[in-house]
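File shown: my_file_16.csv (CSV, C-alpha atoms).
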```
chain,number,residue,atom,x,y,z
M,1,MET,CA,2.6,-106.6,237.6
M,2,SER,CA,2.6,-102.9,236.8
M,3,GLU,CA,6.0,-101.4,236.0
M,4,PHE,CA,7.8,-100.0,239.0
M,5,LYS,CA,8.5,-96.3,238.8
M,6,SER,CA,11.2,-94.9,241.0
M,7,VAL,CA,11.1,-91.4,242.4
M,8,TRP,CA,13.5,-90.6,239.6
M,9,ASP,CA,11.1,-91.5,236.8
M,10,TYR,CA,11.6,-89.1,233.9
M,11,ASP,CA,8.0,-87.9,233.7
M,12,ALA,CA,7.9,-87.1,237.4
M,13,LEU,CA,11.1,-85.0,237.2
M,14,TRP,CA,10.0,-83.3,234.1
M,15,GLU,CA,6.7,-82.2,235.7
M,16,LYS,CA,8.6,-80.9,238.7
M,17,ALA,CA,10.9,-78.8,236.4
M,18,LYS,CA,7.8,-77.3,234.8
M,19,ILE,CA,6.2,-76.5,238.2
M,20,TYR,CA,9.3,-74.7,239.3
M,21,ALA,CA,9.6,-72.9,236.0
M,22,GLN,CA,6.0,-71.6,236.4
M,23,LYS,CA,6.7,-70.5,240.0
M,24,SER,CA,9.7,-68.6,238.8
M,25,LEU,CA,7.8,-66.8,236.0
M,26,ASN,CA,5.2,-65.6,238.6
M,27,GLU,CA,8.0,-63.6,240.4
M,28,GLU,CA,9.3,-60.1,239.8
M,29,ARG,CA,12.3,-60.4,237.5
M,30,GLU,CA,14.7,-58.5,239.6
M,31,GLY,CA,13.5,-59.9,242.9
M,32,VAL,CA,15.2,-62.7,244.9
M,33,MET,CA,12.7,-65.4,244.2
M,34,PHE,CA,13.0,-65.4,240.4
M,35,PRO,CA,16.6,-66.7,240.5
M,36,PHE,CA,15.7,-69.0,243.4
M,37,TRP,CA,13.0,-70.9,241.6
M,38,SER,CA,15.0,-70.7,238.4
M,39,ALA,CA,17.8,-72.6,240.2
M,40,LEU,CA,15.4,-75.3,241.2
M,41,THR,CA,14.0,-75.4,237.6
M,42,LEU,CA,17.6,-75.9,236.3
M,43,GLU,CA,18.4,-78.6,238.8
M,44,PHE,CA,15.2,-80.6,237.9
M,45,LEU,CA,15.8,-80.1,234.3
M,46,GLY,CA,19.3,-81.5,234.7
M,47,ARG,CA,17.9,-84.5,236.7
M,48,ALA,CA,15.2,-85.1,234.0
M,49,THR,CA,18.0,-85.1,231.4
M,50,LEU,CA,19.8,-87.9,233.2
M,51,ALA,CA,16.5,-89.8,233.8
M,52,LYS,CA,15.8,-89.6,230.1
M,53,VAL,CA,18.8,-91.9,229.6
M,54,HIS,CA,18.0,-94.0,232.7
M,55,PRO,CA,16.8,-93.2,236.2
M,56,VAL,CA,19.7,-95.2,237.7
M,57,LEU,CA,22.0,-92.2,236.7
M,58,LEU,CA,20.4,-90.3,239.6
M,59,ALA,CA,21.0,-93.0,242.2
M,60,ASP,CA,23.7,-92.3,244.7
M,61,PRO,CA,26.2,-95.0,243.9
M,62,ARG,CA,27.9,-94.9,247.3
M,63,ASP,CA,25.1,-97.1,248.6
M,64,GLY,CA,24.2,-100.1,246.3
M,65,SER,CA,20.7,-100.1,247.7
M,66,ASN,CA,19.9,-97.0,245.7
M,67,ILE,CA,20.8,-98.8,242.5
M,68,LEU,CA,18.8,-101.8,243.4
M,69,TYR,CA,15.9,-99.6,244.3
M,70,VAL,CA,15.7,-98.2,240.7
M,71,PHE,CA,15.0,-101.8,239.5
M,72,GLY,CA,12.3,-102.4,242.0
M,73,HIS,CA,14.3,-104.2,244.7
M,74,ILE,CA,13.3,-102.2,247.8
M,75,LYS,CA,14.2,-102.9,251.4
M,76,SER,CA,11.7,-102.0,254.0
M,77,ASN,CA,11.9,-98.5,255.4
M,78,PHE,CA,14.2,-97.6,252.6
M,79,SER,CA,14.6,-94.0,251.6
M,80,PRO,CA,16.3,-93.6,248.2
M,81,LYS,CA,19.2,-91.1,248.0
M,82,SER,CA,20.1,-89.3,244.8
M,83,ILE,CA,23.3,-87.7,243.6
M,84,PRO,CA,23.9,-84.0,244.4
M,85,ALA,CA,23.3,-81.2,241.9
M,86,LYS,CA,27.0,-80.8,241.0
M,87,THR,CA,27.2,-84.5,240.1
M,88,VAL,CA,24.1,-84.1,238.0
M,89,PHE,CA,25.7,-81.5,235.8
M,90,ASP,CA,29.0,-83.3,235.8
M,91,ARG,CA,27.2,-86.3,234.3
M,92,CYS,CA,25.5,-84.0,231.8
M,93,LEU,CA,29.1,-83.0,230.7
M,94,ASN,CA,29.6,-86.6,229.7
M,95,ILE,CA,26.2,-87.3,228.2
M,96,VAL,CA,24.9,-84.2,226.5
M,97,SER,CA,27.1,-83.4,223.5
M,98,ASN,CA,26.9,-79.6,223.4
M,99,PHE,CA,26.9,-79.2,227.2
M,100,THR,CA,30.4,-78.0,227.7
M,101,LYS,CA,32.5,-76.7,230.7
M,102,LYS,CA,31.1,-73.3,230.0
M,103,GLU,CA,27.5,-74.6,230.5
M,104,PHE,CA,28.7,-76.5,233.6
M,105,ASP,CA,30.2,-73.4,235.1
M,106,ASN,CA,27.0,-71.4,234.4
M,107,CYS,CA,24.9,-74.1,236.1
M,108,LEU,CA,27.1,-74.2,239.1
M,109,ALA,CA,27.0,-70.4,239.5
M,110,LEU,CA,23.2,-70.6,240.0
M,111,ILE,CA,23.3,-73.8,242.1
M,112,ASP,CA,26.0,-72.5,244.4
M,113,ARG,CA,23.8,-69.5,245.1
M,114,ARG,CA,20.9,-71.7,245.8
M,115,ASN,CA,23.0,-73.7,248.3
M,116,GLU,CA,24.2,-70.5,249.9
M,117,GLU,CA,20.6,-69.3,250.2
M,118,LEU,CA,19.4,-72.5,251.8
M,119,HIS,CA,22.4,-73.2,254.1
M,120,SER,CA,23.5,-69.8,255.3
M,121,GLY,CA,22.2,-66.6,256.7
M,122,SER,CA,23.3,-64.5,253.7
M,123,GLY,CA,21.0,-63.2,251.0
M,124,ALA,CA,22.5,-65.1,248.1
M,125,PHE,CA,20.2,-63.7,245.5
M,126,GLU,CA,20.3,-60.1,246.6
M,127,ASP,CA,22.1,-57.9,244.1
M,128,TYR,CA,21.9,-60.6,241.5
M,129,PRO,CA,20.4,-58.8,238.5
M,130,THR,CA,19.1,-60.8,235.6
M,131,LYS,CA,21.6,-59.3,233.2
M,132,ILE,CA,24.3,-61.4,234.9
M,133,TRP,CA,22.7,-64.8,234.7
M,134,LEU,CA,19.4,-65.0,232.8
M,135,SER,CA,20.7,-65.3,229.3
M,136,ASN,CA,23.2,-68.1,230.3
M,137,TYR,CA,20.4,-69.9,232.1
M,138,TYR,CA,18.1,-69.9,229.1
M,139,HIS,CA,21.0,-71.1,226.9
M,140,VAL,CA,21.6,-74.1,229.2
M,141,CYS,CA,17.9,-74.9,229.4
M,142,LYS,CA,17.7,-74.9,225.6
M,143,ILE,CA,20.6,-77.4,225.4
M,144,LEU,CA,19.1,-79.7,228.0
M,145,LEU,CA,15.7,-79.5,226.5
M,146,GLU,CA,17.0,-80.3,223.1
M,147,PHE,CA,18.6,-83.5,224.5
M,148,GLN,CA,15.1,-84.4,225.8
M,149,GLU,CA,13.6,-83.6,222.4
M,150,LYS,CA,11.7,-80.7,223.8
M,151,ASP,CA,11.9,-77.0,223.3
M,152,LEU,CA,11.8,-73.8,225.4
M,153,LYS,CA,8.0,-73.3,225.1
M,154,GLU,CA,7.3,-76.7,226.6
M,155,LEU,CA,9.0,-75.6,229.8
M,156,PHE,CA,8.4,-71.8,229.9
M,157,GLY,CA,5.3,-71.3,227.8
M,158,LYS,CA,5.1,-69.5,224.5
M,159,ASP,CA,5.6,-65.9,225.6
M,160,GLU,CA,8.7,-66.4,227.8
M,161,ALA,CA,10.2,-68.8,225.2
M,162,GLU,CA,10.1,-66.1,222.6
M,163,ALA,CA,11.9,-63.7,225.0
M,164,ALA,CA,14.4,-66.4,225.9
M,165,LYS,CA,15.2,-67.1,222.2
M,166,GLU,CA,16.0,-63.4,221.8
M,167,MET,CA,18.2,-63.4,224.8
M,168,ILE,CA,20.1,-66.5,223.8
M,169,VAL,CA,21.2,-65.1,220.4
M,170,GLU,CA,24.8,-64.4,221.3
M,171,ALA,CA,26.3,-61.1,220.2
M,172,ASP,CA,28.9,-61.9,217.6
M,173,LYS,CA,32.3,-60.4,217.6
M,174,GLU,CA,31.3,-57.6,215.2
M,175,VAL,CA,28.5,-56.5,217.6
M,176,ILE,CA,30.8,-56.5,220.6
M,177,LYS,CA,33.4,-54.5,218.7
M,178,GLU,CA,30.8,-52.0,217.4
M,179,VAL,CA,29.2,-51.5,220.8
M,180,ASN,CA,32.5,-50.9,222.6
M,181,SER,CA,33.7,-48.6,219.8
M,182,ARG,CA,30.4,-46.6,220.0
M,183,ILE,CA,30.7,-46.2,223.8
M,184,ALA,CA,34.4,-45.1,223.4
M,185,SER,CA,33.6,-42.5,220.7
M,186,TYR,CA,30.6,-41.0,222.6
M,187,LYS,CA,32.7,-40.9,225.8
M,188,LYS,CA,35.5,-39.0,224.0
M,189,VAL,CA,33.0,-36.4,222.6
M,190,PHE,CA,31.3,-35.9,226.0
M,191,PHE,CA,34.4,-35.6,228.2
M,192,ASP,CA,36.0,-33.2,225.7
M,193,LEU,CA,33.3,-30.8,226.7
M,194,SER,CA,33.9,-28.3,229.4
M,195,GLU,CA,32.6,-29.1,232.9
M,196,GLU,CA,29.9,-26.4,232.5
M,197,GLU,CA,28.7,-28.0,229.2
M,198,GLN,CA,28.8,-31.5,230.7
M,199,LYS,CA,26.6,-30.2,233.6
M,200,GLU,CA,24.2,-28.7,231.2
M,201,LYS,CA,24.0,-31.9,229.3
M,202,HIS,CA,23.3,-33.9,232.5
M,203,GLU,CA,20.4,-31.5,233.4
M,204,PHE,CA,19.0,-31.7,229.9
M,205,GLY,CA,19.0,-35.5,230.0
M,206,LYS,CA,17.2,-35.5,233.4
M,207,THR,CA,14.6,-33.0,232.2
M,208,THR,CA,14.0,-34.9,228.9
M,209,ILE,CA,13.5,-38.2,230.7
M,210,ARG,CA,11.0,-36.6,233.1
M,211,THR,CA,8.9,-35.3,230.2
M,212,THR,CA,9.3,-38.3,227.9
M,213,TYR,CA,6.6,-40.9,227.8
M,214,ILE,CA,7.5,-44.3,226.3
M,215,PRO,CA,5.9,-47.6,227.3
M,216,TYR,CA,7.8,-49.8,229.8
M,217,LYS,CA,10.4,-47.2,230.6
M,218,LYS,CA,13.2,-47.6,233.1
M,219,VAL,CA,15.9,-45.2,234.1
M,220,GLU,CA,19.5,-46.5,234.3
M,221,LYS,CA,22.9,-44.8,234.5
M,222,CYS,CA,24.6,-44.3,231.2
M,223,VAL,CA,27.7,-46.4,230.7
M,224,CYS,CA,29.3,-43.6,228.8
M,225,CYS,CA,28.6,-40.3,230.7
M,226,ASP,CA,26.9,-41.6,233.9
M,227,SER,CA,23.8,-39.5,233.4
M,228,ASP,CA,20.3,-40.9,233.8
M,229,ALA,CA,19.4,-42.7,230.6
M,230,LEU,CA,16.2,-44.3,229.3
M,231,ILE,CA,15.7,-48.0,228.7
M,232,SER,CA,12.5,-49.4,227.2
M,233,GLY,CA,11.5,-52.7,225.7
M,234,LYS,CA,8.7,-55.1,224.9
M,235,GLN,CA,6.3,-56.8,227.1
M,236,ILE,CA,7.0,-60.5,227.7
M,237,SER,CA,4.1,-61.2,230.2
M,238,ALA,CA,1.9,-59.5,232.7
M,239,THR,CA,0.4,-60.6,235.9
M,240,ASP,CA,-3.4,-60.4,236.5
M,241,ALA,CA,-4.4,-57.0,237.8
M,242,LYS,CA,-4.6,-56.9,241.6
M,243,LEU,CA,-5.7,-54.5,244.3
M,244,VAL,CA,-2.9,-53.2,246.4
M,245,GLU,CA,-3.4,-50.5,249.0
M,246,GLY,CA,-6.4,-49.2,247.1
M,247,GLU,CA,-4.8,-49.1,243.7
M,248,ILE,CA,-5.2,-51.5,240.8
M,249,ILE,CA,-1.7,-52.6,239.7
M,250,GLN,CA,-0.3,-55.0,237.2
M,251,GLU,CA,3.3,-56.3,237.1
M,252,ILE,CA,4.7,-56.3,233.6
M,253,ASN,CA,7.8,-58.3,232.7
M,254,VAL,CA,9.9,-56.5,230.0
M,255,LEU,CA,12.7,-57.5,227.7
M,256,PRO,CA,14.8,-54.4,227.2
M,257,THR,CA,15.3,-53.6,223.6
M,258,SER,CA,16.3,-49.9,223.4
M,259,PHE,CA,18.6,-47.5,225.3
M,260,THR,CA,18.8,-43.7,224.8
M,261,CYS,CA,21.0,-41.3,226.7
M,262,PHE,CA,19.7,-37.7,226.1
M,263,SER,CA,22.9,-36.3,227.7
M,264,CYS,CA,25.6,-37.8,225.5
M,265,GLY,CA,23.4,-39.1,222.7
M,266,LEU,CA,24.5,-42.8,223.1
M,267,LYS,CA,21.9,-45.2,221.7
M,268,PHE,CA,21.4,-49.0,221.4
M,269,THR,CA,18.5,-50.5,219.4
M,270,ASN,CA,18.3,-54.2,220.2
M,271,HIS,CA,18.7,-56.6,223.0
M,272,SER,CA,22.0,-57.9,221.8
M,273,GLU,CA,23.6,-54.5,221.9
M,274,LEU,CA,22.1,-53.8,225.3
M,275,THR,CA,23.5,-57.1,226.6
M,276,VAL,CA,27.1,-56.2,225.4
M,277,ALA,CA,26.7,-52.8,227.0
M,278,GLY,CA,25.6,-54.3,230.3
M,279,TYR,CA,21.9,-53.6,230.1
M,280,GLY,CA,20.7,-57.2,229.3
M,281,GLY,CA,18.4,-59.4,231.3
M,282,GLN,CA,14.8,-58.6,232.0
M,283,TYR,CA,13.0,-56.2,234.3
M,284,THR,CA,9.6,-55.7,235.9
M,285,ILE,CA,7.6,-52.5,236.0
M,286,ILE,CA,4.4,-51.7,237.8
M,287,ASP,CA,1.5,-50.5,235.8
M,288,TYR,CA,-1.2,-48.5,237.6
M,289,HIS,CA,-4.7,-48.5,236.4
M,290,ASP,CA,-7.5,-46.0,237.1
M,291,PRO,CA,-10.2,-48.1,238.8
M,292,ALA,CA,-13.0,-46.6,236.8
M,293,GLU,CA,-11.2,-47.0,233.6
M,294,TYR,CA,-10.1,-50.6,234.4
M,295,HIS,CA,-13.6,-51.7,235.2
M,296,GLY,CA,-15.1,-49.8,232.3
M,297,ILE,CA,-17.2,-47.6,234.5
M,298,ASP,CA,-18.3,-44.4,232.9
M,299,VAL,CA,-18.1,-41.7,235.5
M,300,PRO,CA,-20.5,-39.0,234.3
M,301,THR,CA,-19.0,-35.5,234.5
M,302,GLU,CA,-21.8,-33.5,232.7
M,303,ASP,CA,-24.1,-33.3,235.7
M,304,PHE,CA,-21.3,-32.8,238.2
M,305,ASP,CA,-21.6,-29.5,240.0
M,306,PRO,CA,-18.6,-28.7,242.2
M,307,GLU,CA,-20.7,-26.1,244.1
M,308,MET,CA,-23.0,-28.9,245.2
M,309,MET,CA,-20.0,-30.8,246.6
M,310,PHE,CA,-18.7,-27.9,248.7
M,311,ASP,CA,-22.2,-27.3,250.1
M,312,TYR,CA,-22.8,-30.9,250.9
M,313,GLY,CA,-23.6,-31.5,254.6
M,314,ASN,CA,-23.7,-27.8,255.5
M,315,ASP,CA,-27.5,-27.4,255.6
R,1,MET,CA,-7.4,-86.3,220.3
R,2,ASP,CA,-7.7,-85.9,216.5
R,3,LEU,CA,-10.4,-83.3,217.4
R,4,ALA,CA,-7.9,-81.1,219.2
R,5,ASN,CA,-6.0,-78.4,217.4
R,6,LYS,CA,-2.3,-77.8,217.8
R,7,ASP,CA,-2.8,-75.0,220.4
R,8,GLU,CA,-5.2,-77.2,222.5
R,9,LEU,CA,-2.8,-80.1,222.4
R,10,PHE,CA,0.0,-77.9,223.5
R,11,GLU,CA,-2.0,-76.5,226.4
R,12,LEU,CA,-3.2,-79.9,227.5
R,13,GLY,CA,0.4,-81.1,227.6
R,14,PHE,CA,1.8,-78.0,229.2
R,15,ARG,CA,-0.3,-77.4,232.3
R,16,THR,CA,0.3,-79.5,235.4
R,17,TRP,CA,-2.3,-81.3,237.5
R,18,LYS,CA,-2.1,-83.1,240.8
R,19,VAL,CA,-3.3,-86.7,240.6
R,20,SER,CA,-4.2,-88.7,243.7
R,21,SER,CA,-3.5,-92.4,243.3
R,22,ARG,CA,-3.1,-95.5,245.5
R,23,ASN,CA,0.6,-94.9,245.5
R,24,GLY,CA,0.4,-91.3,246.5
R,25,THR,CA,0.1,-88.0,244.7
R,26,PHE,CA,1.9,-87.4,241.4
R,27,TYR,CA,2.0,-84.6,238.8
R,28,SER,CA,0.8,-85.0,235.3
R,29,PRO,CA,-0.6,-82.9,232.4
R,30,ILE,CA,-4.0,-84.0,231.0
R,31,PHE,CA,-2.3,-85.3,227.8
R,32,ASN,CA,1.1,-86.8,227.9
R,33,LYS,CA,2.7,-89.1,225.3
R,34,ARG,CA,-0.7,-90.5,224.2
R,35,ILE,CA,-1.9,-90.9,227.8
R,36,LEU,CA,-5.1,-89.0,228.4
R,37,ARG,CA,-5.9,-88.4,232.0
R,38,TYR,CA,-9.0,-86.4,233.2
R,39,ASP,CA,-11.0,-87.4,236.2
R,40,LEU,CA,-12.0,-84.5,238.6
R,41,ASN,CA,-12.6,-87.0,241.4
R,42,VAL,CA,-8.9,-87.6,241.7
R,43,MET,CA,-7.3,-84.6,239.9
R,44,GLN,CA,-7.0,-80.9,240.6
R,45,PRO,CA,-5.0,-78.3,238.8
R,46,TYR,CA,-1.6,-77.6,240.5
R,47,SER,CA,-2.4,-73.8,240.5
R,48,GLU,CA,-5.1,-71.5,239.2
R,49,ASN,CA,-3.0,-70.9,236.1
R,50,ASP,CA,-2.9,-74.6,235.4
R,51,ASN,CA,-6.7,-75.0,235.2
R,52,ASN,CA,-7.2,-75.8,231.6
R,53,SER,CA,-10.3,-78.0,232.2
R,54,ASN,CA,-12.3,-75.7,229.8
R,55,ILE,CA,-10.1,-76.9,226.9
R,56,ILE,CA,-10.7,-80.6,227.5
R,57,GLU,CA,-14.4,-80.0,228.3
R,58,ASP,CA,-14.7,-78.2,225.0
R,59,ILE,CA,-13.0,-81.1,223.1
R,60,ILE,CA,-15.3,-83.5,224.8
R,61,ALA,CA,-18.4,-81.4,223.9
R,62,ARG,CA,-17.2,-81.5,220.2
R,63,SER,CA,-16.7,-85.3,220.2
R,64,ILE,CA,-19.2,-87.9,219.4
R,65,PRO,CA,-19.0,-90.5,222.2
R,66,ILE,CA,-19.1,-94.1,221.3
R,67,GLU,CA,-21.9,-95.6,223.4
R,68,ILE,CA,-21.6,-99.2,224.6
R,69,ASN,CA,-24.7,-101.1,225.3
R,70,TRP,CA,-23.8,-104.1,227.3
R,71,GLU,CA,-25.2,-107.5,226.6
R,72,ILE,CA,-24.4,-110.8,228.0
R,73,GLY,CA,-21.4,-112.2,226.1
R,74,LYS,CA,-20.2,-108.8,224.9
R,75,THR,CA,-16.5,-108.2,225.3
R,76,ILE,CA,-14.7,-104.9,224.5
R,77,VAL,CA,-11.0,-104.3,224.7
R,78,LEU,CA,-9.8,-100.8,224.8
R,79,ASP,CA,-6.7,-98.9,225.9
R,80,ASN,CA,-8.1,-97.0,228.9
R,81,TRP,CA,-5.0,-94.8,229.0
R,82,ALA,CA,-5.6,-93.5,225.5
R,83,CYS,CA,-9.4,-93.2,225.7
R,84,LEU,CA,-11.5,-91.1,228.0
R,85,HIS,CA,-14.3,-93.2,229.2
R,86,ALA,CA,-17.3,-92.6,231.4
R,87,ARG,CA,-20.6,-94.0,232.2
R,88,PRO,CA,-23.9,-92.0,232.2
R,89,LYS,CA,-25.2,-90.5,235.4
R,90,VAL,CA,-26.8,-93.1,237.6
R,91,ASP,CA,-29.6,-92.8,240.1
R,92,GLU,CA,-28.4,-92.5,243.8
R,93,THR,CA,-30.5,-95.5,244.7
R,94,SER,CA,-29.2,-97.7,241.9
R,95,THR,CA,-27.2,-100.7,243.2
R,96,ALA,CA,-27.3,-103.0,240.2
R,97,ARG,CA,-23.7,-102.6,239.1
R,98,THR,CA,-20.9,-105.1,239.5
R,99,LEU,CA,-17.3,-104.4,238.5
R,100,GLN,CA,-14.9,-107.3,238.1
R,101,ARG,CA,-11.3,-106.8,237.3
R,102,ILE,CA,-8.8,-109.3,235.8
R,103,MET,CA,-5.2,-108.8,234.8
R,104,ILE,CA,-3.8,-110.5,231.8
R,105,ILE,CA,0.0,-110.8,231.9
```

Structure rendered as structure tokens:
Amino acid sequence: MSEFKSVWDYDALWEKAKIYAQKSLNEEREGVMFPFWSALTLEFLGRATLAKVHPVLLADPRDGSNILYVFGHIKSNFSPKSIPAKTVFDRCLNIVSNFTKKEFDNCLALIDRRNEELHSGSGAFEDYPTKIWLSNYYHVCKILLEFQEKDLKELFGKDEAEAAKEMIVEADKEVIKEVNSRIASYKKVFFDLSEEEQKEKHEFGKTTIRTTYIPYKKVEKCVCCDSDALISGKQISATDAKLVEGEIIQEINVLPTSFTCFSCGLKFTNHSELTVAGYGGQYTIIDYHDPAEYHGIDVPTEDFDPEMMFDYGND
Amino acid sequence: MDLANKDELFELGFRTWKVSSRNGTFYSPIFNKRILRYDLNVMQPYSENDNNSNIIEDIIARSIPIEINWEIGKTIVLDNWACLHARPKVDETSTARTLQRIMII
């Protein structure tokens, strides 16, 4: 007789977690679907963690039939019921040694939004930037994966796993102190200037940003002087190029690694500092490609005669 | 799978396929915990991104298959979860094949 496998079999739950992880990574980082699929990934990762110990940990104990089901004793027309997500993470608190109340709270923060999204009319994932939750999410995933003797790349793939590792490195107290001190000192210098001088600095910052080219750039308000400031980073992944409204575009997911304000001079040079300053998370930019260049088509210009073009059709 | 390099092994364990079975559809990578599963009659990649059939096809092309020539009285025991096995192409009109199955508990 072949071994009975319940719907809470470890391999099945693990594959589901991977499927939802891949769905999440196909979404724009600051869109609503990225955190939505991430919430499902986290839930299935939690369930897989319990199933790794034994699938019976997922059975709803309020009905003994669920427990019997795990061991192959199935009533006809029986539909097994599992424990809710909150209970999954509550059990992880007991079973996974470095899964603490902090990790539990971070899981519930995401799961509660998932519930709100599915059970109410509100946009639970609107205005939910990655800088709020993504680092914590990767941190929890790492802990649950390690319990399953797996690592981040087995869930997220190599590229995203590298970015996740960089995001998980928590800023130590010295970095936090240094970043806050830097902001305070630049703030003092800037606001000691006259209003006229501050206005000139704002304008200078805006103009410089407009004329500065750096890859993967994004404009954000400066935490010190509230001018427009420039963030850039490194590419984590990119979608395949696609044709949208006659243009070839690619969505590039970026890990922010540098911040420069040309108005007050404030700078940050790594993801850890950016996270402390409130610029962590990830973002997505759209890259536009010239169709001829993208397809490697050489558009000859030597024989092109603009006079011919203007006369065309006028004979 | 000794022929596969580390990157190939990772890819074969990472990408998800849908597998149709008597008990319904389930998800599995091509290579999972020493189980090798690759049959395009019952499997399809979960998404375009999951289609890593080129990797396993490449490994198969590099391998030297062990041919079994059946004779009366010949018995072979193999772990059909750990070995990819297939028969050569047969003629459409061929009917001379009998499969018998027993289970040893």

| What's the 9 Å shell around Leu40 of chain M, counting all atoms listed in the file, without same-chain residues fewer than 5 positions away, as a list in words? | Ala17, Tyr20, Ala21, Pro35, Leu45, Ile111 and Arg114 of chain M

| task | Please identify every residue of chain R that has at least one atom no more than 8 Å from any atom of chain M, counting all atoms listed in the file, and report them as JSON, numbers by chain. | result | {"R": [14, 16, 26, 27, 28, 105]}

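Atom CA of Val32 of chain M sits 5.1 Å away from atom CA of Phe125 of chain M.
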
| Hey, which of M:Thr207, M:Gln198, M:Asn98, M:Thr130 ends up closest to Tyr283 of chain M? Count all atoms listed in the file. | M:Thr130

| field | Interatomic distance (Å, one decimal) between atom CA of Ser79 of chain M and atom CA of Val7 of chain M | value | 10.2 Å

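Restricting the calculation to all atoms listed in the file, the smallest distance between Leu3 of chain R and any of R:Asn41, R:Ser63, R:Asn51, R:Ser94 is found for R:Ser63.
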
| said: Could you list, as a ChimeraX atom specification, every residue within 9 Å of segment 224-236 of chain M, counting only C-alpha atoms and ignoring same-chain residues fewer than 3 positions away? | reply: /M:159-160,162-163,183-184,186-187,190-191,198,201-203,205-206,209,214-221,252-264,266,270-271,279

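Each of R:Ile64, R:Leu9, R:Val19, R:Ile72 was checked against Phe31 of chain R using only C-alpha atoms; the smallest atom-to-atom distance is that of R:Leu9.
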
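Considering the residues M:Leu152, M:Val88, M:Ile249, M:Val189 and counting all atoms listed in the file, Val140 of chain M has its shortest atom-to-atom contact with M:Leu152.
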
Give me the residues within 10 Å of Glu67 of chain R as a PDB file with C-alpha atoms, in the frame of the given file, counting only C-alpha atoms and dropping any in the same chain fewer than 4 places off.
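For reference, around_33.pdb as written:
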```
ATOM      1  CA  HIS R  85     -14.300 -93.200 229.200  1.00  0.00           C
ATOM      2  CA  ALA R  86     -17.300 -92.600 231.400  1.00  0.00           C
ATOM      3  CA  ARG R  87     -20.600 -94.000 232.200  1.00  0.00           C
ATOM      4  CA  PRO R  88     -23.900 -92.000 232.200  1.00  0.00           C
TER       5      PRO R  88
END
```

| field | Polymer residues at most 8 Å from Glu8 of chain R, only C-alpha atoms, same-chain spacing of 4 or more positions, as a ChimeraX atom specification | value | /R:4,12,55

Those same residues - C-alpha atoms - I'd like them written as a PDB file, in the frame of the given file.
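Final output, again-v4.pdb:
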```pdb
ATOM      1  CA  ALA R   4      -7.900 -81.100 219.200  1.00  0.00           C
ATOM      2  CA  LEU R  12      -3.200 -79.900 227.500  1.00  0.00           C
ATOM      3  CA  ILE R  55     -10.100 -76.900 226.900  1.00  0.00           C
TER       4      ILE R  55
END
```
